[in-house]
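Everything on this sheet refers to the single structure shown next.
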Amino acid sequence: MKYSKNTTTVIMLIITLFYTVINLQAQADHPTLQIGQMAPDFFLPGIDGKDYSLKDFADSRFLVIIFTCNHCPTAQSYEDRIIKLVNDYKEQGVGFLAVSPNDPLAVRLDELGYTDLGDELDDMKIRAEYKKFNFPYVYDGKTQEMSRKYGPVATPHVFIFDPERKLRYIGRIDDSELAVRPDTKHDTRNALEELLAGKKITVEKTKTFGCSVKWSDKREASKKAFEKILQEEVVLEEISTEGVQALVQNKPEKLLLINVWATWCGPCVTEIPDLVEINLMYRNRDFEFISISADNLAKKEKVHEFLKKKHASGRNYIFNSIDKYELIEAIDENWQGALPYTMLIKPDGEIIYAKQEAIDPLEMKRKIVEILGREKDW
């Protein structure tokens with residue numbers, strides 16, 4: 001169904017209003033700490049195996065608490081700037097603590113379209129090691145008790161406390177989400193400079209931009225979204241040599257992940273769930289996952305049943321020729337024929353990743369995120 005421009009505008013306004021109301025309700029349910037209020041205590045596990053509370057920062061003159069997370073692209077864009085803040089101020093009596101406030105069960109798979117990791121504690125450990133975090137990073141996703149006391153609105157959200165642990169600044173790191181500009185307002189850095197100089201903070205509070213906090217009351221919505229995925233139709237079509245060649249040429253404006261597999265191949269069936277998850281994470285972007293079964297056509301029903309059990313609702317094919325060497329040559333002349341075989345192909349047909357044997361799911365996600373970026377650049 002096609003809509004007029006005016007109708008589309010109205011629909012978008014309604015959707016925007018709907019999510020605005022949800023976010024306002026979330027703020028009402030979890031009010032944000034106000035300037036002058038004391039820092040509530042907490043006791044949370046960190047990525048280093050230690051448990052943290054306010055007393056662990058007793059030697060710090062000022063304390064910067066930043067609510068952030070793994071999956072939010074805005075939070076990711078500030079990771080290097082947080083690392084630099086720590087390097088610049090840790091020797092000046094400033095302590096830093098990063099807190100992940102999100103309930104992982106409240107995060108939908110389609111909200112992971114800009115990330116390689118979710119918000120579980122184990123994921124936080126991987127992210128911290130990968131980015132070489134130089135600050136404690138704690139997990140509040142289980143109970144969200146600390147986050148409910150502080151009331152972060154989005155990730156990242158900065159809270160700066162003085163020696164008495166009274167809140168002196170709350171807001172953004174700066175006003176340049178993607179890249180620092182010459183006219184960037186470095187609000188967190190400015191607040192720290194003024195505090196260290198014994199001055200009154202010029203700007204005590206700002207708005208903050210980023211992903212909304214995934215409070216546990218969003219679990220039901222996440223559950224319903226997943227149940228809807230389980231109900232999606234799984235289709236298996238036949239494909240010829242010519243069809244495979246056309247796929248590999250990749251004419252659509254999408255990044256393609258193509259996997260050749262078979263039901264009799266152990267590594268193949270083992271990695272299918274990972275590939276299905278990757279599809280669900282990135283399919284709302286300029287990305288598509290396509291599976292091609294190398295089973296004999298007589299096994300089509302068996303292949304279809306397997307894909308249905310795995311909820312593989314992407315594009316699925318079964319090669320319709322008994323000559324498997326035709327399939328090998330049609331897919332990639334460099335492929336030696338062993339299964340599984342996986343390729344990542346840009347819209348111009350350039351193969352930017354090819355692997356014979358099972359993939360590393362995390363490596364693949366990082367590659368996809370790296371290529372897609374915040375916006376496609378092809």
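Here's how to read the names in the structure tokens: chain A, B, ... by the order shown, residue numbers from 1 in each chain, ligand numbers from 1 in the order shown.
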
(Q) If you run DSSP on the backbone here, which positions in region 156-244 of chain A get strand (DSSP E)? Please write them as a VMD selection string. (A) chain A and resid 157 to 161 167 to 171 211 to 212 236 to 239

Export of the given selection (N, CA and C atoms) as an mmCIF file, in the first residue's frame:
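Below you can see out37.cif, which holds the result:
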```cif
data_model
loop_
_atom_site.group_PDB
_atom_site.id
_atom_site.type_symbol
_atom_site.label_atom_id
_atom_site.label_comp_id
_atom_site.auth_asym_id
_atom_site.auth_seq_id
_atom_site.Cartn_x
_atom_site.Cartn_y
_atom_site.Cartn_z
ATOM 1 N N HIS A 157 25.044 9.347 29.822
ATOM 2 C CA HIS A 157 24.530 10.404 30.688
ATOM 3 C C HIS A 157 25.517 10.583 31.838
ATOM 4 N N VAL A 158 26.029 11.814 32.013
ATOM 5 C CA VAL A 158 27.106 12.092 32.970
ATOM 6 C C VAL A 158 26.570 12.730 34.251
ATOM 7 N N PHE A 159 27.085 12.235 35.393
ATOM 8 C CA PHE A 159 26.795 12.805 36.707
ATOM 9 C C PHE A 159 28.137 13.101 37.369
ATOM 10 N N ILE A 160 28.388 14.358 37.776
ATOM 11 C CA ILE A 160 29.645 14.713 38.445
ATOM 12 C C ILE A 160 29.353 15.140 39.884
ATOM 13 N N PHE A 161 30.062 14.521 40.816
ATOM 14 C CA PHE A 161 29.861 14.780 42.244
ATOM 15 C C PHE A 161 31.109 15.415 42.858
ATOM 16 N N LEU A 167 25.755 16.318 43.879
ATOM 17 C CA LEU A 167 25.731 16.422 42.425
ATOM 18 C C LEU A 167 25.981 17.873 42.003
ATOM 19 N N ARG A 168 27.007 18.052 41.164
ATOM 20 C CA ARG A 168 27.353 19.408 40.720
ATOM 21 C C ARG A 168 27.104 19.615 39.229
ATOM 22 N N TYR A 169 27.150 18.530 38.457
ATOM 23 C CA TYR A 169 26.874 18.641 37.010
ATOM 24 C C TYR A 169 26.143 17.389 36.555
ATOM 25 N N ILE A 170 25.189 17.572 35.635
ATOM 26 C CA ILE A 170 24.496 16.432 35.032
ATOM 27 C C ILE A 170 24.183 16.762 33.583
ATOM 28 N N GLY A 171 24.492 15.824 32.682
ATOM 29 C CA GLY A 171 24.181 16.070 31.279
ATOM 30 C C GLY A 171 25.056 15.306 30.320
ATOM 31 N N CYS A 211 20.524 6.641 23.201
ATOM 32 C CA CYS A 211 19.499 5.607 23.318
ATOM 33 C C CYS A 211 18.841 5.672 24.689
ATOM 34 N N SER A 212 17.537 5.477 24.720
ATOM 35 C CA SER A 212 16.837 5.476 26.002
ATOM 36 C C SER A 212 17.281 4.294 26.848
ATOM 37 N N LEU A 236 11.536 -21.609 1.488
ATOM 38 C CA LEU A 236 12.691 -22.196 0.818
ATOM 39 C C LEU A 236 12.384 -22.295 -0.668
ATOM 40 N N GLU A 237 13.220 -21.664 -1.488
ATOM 41 C CA GLU A 237 13.020 -21.675 -2.933
ATOM 42 C C GLU A 237 14.184 -22.379 -3.623
ATOM 43 N N GLU A 238 13.923 -22.857 -4.820
ATOM 44 C CA GLU A 238 14.989 -23.443 -5.623
ATOM 45 C C GLU A 238 15.747 -22.343 -6.344
ATOM 46 N N ILE A 239 17.032 -22.589 -6.593
ATOM 47 C CA ILE A 239 17.841 -21.613 -7.304
ATOM 48 C C ILE A 239 18.762 -22.322 -8.284
#
```

Q.
If DSSP is run on the backbone, what residues of region 274-336 of chain A are helix (DSSP H, G or I)? A reply as an NGL selection string would be ideal.
A. :A and (274-282 or 297-309 or 324-331)

Write to file, as a PDB file, in the first residue's frame, the residues of the selection just made, with C-alpha atoms.
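Saved file again_11.pdb follows:
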```pdb
ATOM      1  CA  ASP A 274      24.312 -17.589  14.807  1.00  0.00           C
ATOM      2  CA  LEU A 275      23.606 -16.587  11.224  1.00  0.00           C
ATOM      3  CA  VAL A 276      19.888 -16.287  11.956  1.00  0.00           C
ATOM      4  CA  GLU A 277      20.678 -14.021  14.913  1.00  0.00           C
ATOM      5  CA  ILE A 278      22.935 -11.878  12.721  1.00  0.00           C
ATOM      6  CA  ASN A 279      20.101 -11.544  10.210  1.00  0.00           C
ATOM      7  CA  LEU A 280      17.649 -10.450  12.911  1.00  0.00           C
ATOM      8  CA  MET A 281      20.119  -7.906  14.283  1.00  0.00           C
ATOM      9  CA  TYR A 282      20.956  -6.149  11.022  1.00  0.00           C
ATOM     10  CA  LEU A 297      16.951 -31.326  -4.322  1.00  0.00           C
ATOM     11  CA  ALA A 298      15.238 -34.525  -3.169  1.00  0.00           C
ATOM     12  CA  LYS A 299      15.978 -33.380   0.409  1.00  0.00           C
ATOM     13  CA  LYS A 300      14.127 -30.086  -0.043  1.00  0.00           C
ATOM     14  CA  GLU A 301      11.442 -30.906   2.517  1.00  0.00           C
ATOM     15  CA  LYS A 302      14.048 -31.927   5.103  1.00  0.00           C
ATOM     16  CA  VAL A 303      15.971 -28.707   4.495  1.00  0.00           C
ATOM     17  CA  HIS A 304      12.788 -26.676   4.810  1.00  0.00           C
ATOM     18  CA  GLU A 305      11.843 -28.326   8.087  1.00  0.00           C
ATOM     19  CA  PHE A 306      15.281 -27.663   9.526  1.00  0.00           C
ATOM     20  CA  LEU A 307      15.118 -23.976   8.566  1.00  0.00           C
ATOM     21  CA  LYS A 308      11.655 -23.657  10.096  1.00  0.00           C
ATOM     22  CA  LYS A 309      12.905 -25.109  13.389  1.00  0.00           C
ATOM     23  CA  LYS A 324      27.814 -29.245  -7.183  1.00  0.00           C
ATOM     24  CA  TYR A 325      30.844 -28.023  -9.108  1.00  0.00           C
ATOM     25  CA  GLU A 326      28.550 -25.649 -10.951  1.00  0.00           C
ATOM     26  CA  LEU A 327      27.571 -24.234  -7.563  1.00  0.00           C
ATOM     27  CA  ILE A 328      31.224 -23.879  -6.528  1.00  0.00           C
ATOM     28  CA  GLU A 329      32.150 -21.931  -9.657  1.00  0.00           C
ATOM     29  CA  ALA A 330      28.992 -19.815  -9.525  1.00  0.00           C
ATOM     30  CA  ILE A 331      29.590 -18.784  -5.916  1.00  0.00           C
TER      31      ILE A 331
END
```

**Q.** Selection near region 46-60 of chain A, 7 Å with only C-alpha atoms, sequence-local residues under 5 positions removed, as a ChimeraX atom specification
**A.** /A:41,93-95,121,124-125,136-139

Restricting it to N, CA and C atoms, dump the selection as a PDB file, in the first residue's frame.
```pdb
ATOM      1  N   ASP A  41      24.232   5.398  47.361  1.00  0.00           N
ATOM      2  CA  ASP A  41      25.235   4.340  47.338  1.00  0.00           C
ATOM      3  C   ASP A  41      24.758   3.197  46.448  1.00  0.00           C
ATOM      4  N   GLY A  93      42.858  13.965  40.800  1.00  0.00           N
ATOM      5  CA  GLY A  93      41.915  13.664  41.867  1.00  0.00           C
ATOM      6  C   GLY A  93      40.500  13.404  41.397  1.00  0.00           C
ATOM      7  N   VAL A  94      40.345  13.030  40.142  1.00  0.00           N
ATOM      8  CA  VAL A  94      39.016  12.740  39.595  1.00  0.00           C
ATOM      9  C   VAL A  94      38.873  11.239  39.376  1.00  0.00           C
ATOM     10  N   GLY A  95      37.856  10.646  39.977  1.00  0.00           N
ATOM     11  CA  GLY A  95      37.560   9.231  39.773  1.00  0.00           C
ATOM     12  C   GLY A  95      36.471   9.065  38.726  1.00  0.00           C
ATOM     13  N   LEU A 121      26.642  -8.788  31.208  1.00  0.00           N
ATOM     14  CA  LEU A 121      27.923  -8.547  31.868  1.00  0.00           C
ATOM     15  C   LEU A 121      29.080  -9.159  31.079  1.00  0.00           C
ATOM     16  N   MET A 124      29.914  -6.977  28.270  1.00  0.00           N
ATOM     17  CA  MET A 124      30.630  -5.791  28.743  1.00  0.00           C
ATOM     18  C   MET A 124      32.114  -6.079  28.895  1.00  0.00           C
ATOM     19  N   LYS A 125      32.444  -7.266  29.379  1.00  0.00           N
ATOM     20  CA  LYS A 125      33.849  -7.652  29.539  1.00  0.00           C
ATOM     21  C   LYS A 125      34.554  -7.692  28.188  1.00  0.00           C
ATOM     22  N   PRO A 136      36.621   1.643  35.667  1.00  0.00           N
ATOM     23  CA  PRO A 136      35.722   0.568  36.098  1.00  0.00           C
ATOM     24  C   PRO A 136      34.403   0.645  35.318  1.00  0.00           C
ATOM     25  N   TYR A 137      33.881  -0.506  34.988  1.00  0.00           N
ATOM     26  CA  TYR A 137      32.636  -0.602  34.209  1.00  0.00           C
ATOM     27  C   TYR A 137      31.755  -1.617  34.932  1.00  0.00           C
ATOM     28  N   VAL A 138      30.637  -1.164  35.494  1.00  0.00           N
ATOM     29  CA  VAL A 138      29.805  -2.037  36.329  1.00  0.00           C
ATOM     30  C   VAL A 138      28.448  -2.304  35.686  1.00  0.00           C
ATOM     31  N   TYR A 139      27.864  -3.417  36.106  1.00  0.00           N
ATOM     32  CA  TYR A 139      26.613  -3.915  35.524  1.00  0.00           C
ATOM     33  C   TYR A 139      25.450  -3.715  36.491  1.00  0.00           C
TER      34      TYR A 139
END
```

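Within the 6 Å cut-off around Gly210 (chain A), using only C-alpha atoms and omitting residues fewer than 3 positions from it on the same chain, the listed residues are A:Thr74, A:Ala154, A:Thr155.
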
Go ahead and dump the residues you just picked, C-alpha atoms, as an mmCIF file, in the first residue's frame.
```cif
data_model
loop_
_atom_site.group_PDB
_atom_site.id
_atom_site.type_symbol
_atom_site.label_atom_id
_atom_site.label_comp_id
_atom_site.auth_asym_id
_atom_site.auth_seq_id
_atom_site.Cartn_x
_atom_site.Cartn_y
_atom_site.Cartn_z
ATOM 1 C CA THR A 74 25.780 7.070 20.488
ATOM 2 C CA ALA A 154 19.829 8.159 27.862
ATOM 3 C CA THR A 155 23.220 6.617 27.197
#
```

Write out as a PDB file with N, CA and C atoms, in the first residue's frame which residues come within 8 Å of Asp175 (chain A) when counting only C-alpha atoms, dropping same-chain ones fewer than 5 positions away.
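What follows is the written file out-v7.pdb:
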```pdb
ATOM      1  N   THR A 184      32.577  22.724  19.171  1.00  0.00           N
ATOM      2  CA  THR A 184      31.972  21.779  20.118  1.00  0.00           C
ATOM      3  C   THR A 184      31.970  22.341  21.542  1.00  0.00           C
ATOM      4  N   LYS A 185      30.845  22.143  22.220  1.00  0.00           N
ATOM      5  CA  LYS A 185      30.740  22.554  23.620  1.00  0.00           C
ATOM      6  C   LYS A 185      31.108  21.364  24.502  1.00  0.00           C
ATOM      7  N   HIS A 186      32.259  21.427  25.141  1.00  0.00           N
ATOM      8  CA  HIS A 186      32.773  20.322  25.950  1.00  0.00           C
ATOM      9  C   HIS A 186      32.258  20.470  27.387  1.00  0.00           C
ATOM     10  N   ASP A 187      30.980  20.178  27.582  1.00  0.00           N
ATOM     11  CA  ASP A 187      30.318  20.482  28.852  1.00  0.00           C
ATOM     12  C   ASP A 187      30.920  19.737  30.042  1.00  0.00           C
TER      13      ASP A 187
END
```

Q: Would you mind listing what lies within 9 Å of Phe133 (chain A) as a VMD selection string, with only C-alpha atoms counted and same-chain residues fewer than 3 positions away left out?
A: chain A and resid 79 to 80 82 to 83 127 to 130 136 to 137

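Interatomic distance, CA of Val369 (chain A) against CA of Cys72 (chain A): 12.3 Å.
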
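Distances from A:Ser313, A:Thr143, A:Ser77, A:Ser291 to Glu177 (chain A) were compared using only C-alpha atoms, and the smallest one belongs to A:Ser77.
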
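Residue neighbourhood of Asp217 (chain A), excluding near-sequence residues (fewer than 3 positions): Ile22, Gln25, Ala26, Asp29, His30, Asn102, Asp103, Pro104, Leu105, Ala106, Val107, Thr143, Gln144, Val213, Lys214, Glu220, Ala221, Ser222 and Lys223 of chain A, at 12 Å, using only C-alpha atoms.
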
Q. Closest to Leu117 (chain A) among A:Ser147, A:Gln76, A:Ser216, A:Asn284, using only C-alpha atoms?
A. A:Gln76

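The two atoms in question, CA of Ile35 (chain A) and CA of Pro163 (chain A), are spaced 14.2 Å apart.
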
Q: Rounded to one decimal place, report the CA of Met38 (chain A)-CA of Glu164 (chain A) distance in Å.
A: 7.9 Å

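Using only C-alpha atoms, the shortest contact distance between Met364 (chain A) and any of A:Thr263, A:Thr115, A:Asn70, A:Gln249 is found at A:Thr115.
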
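Nearest to Val269 (chain A) of all the residues A:Asp332, A:Glu227, A:Glu357, A:Asp183 is A:Glu357, counting only C-alpha atoms.
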
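With only C-alpha atoms as the atoms that count, the minimum distance from Gln92 (chain A) to the choices A:Thr68, A:Gln34, A:Lys166, A:Leu196 is reached by A:Leu196.
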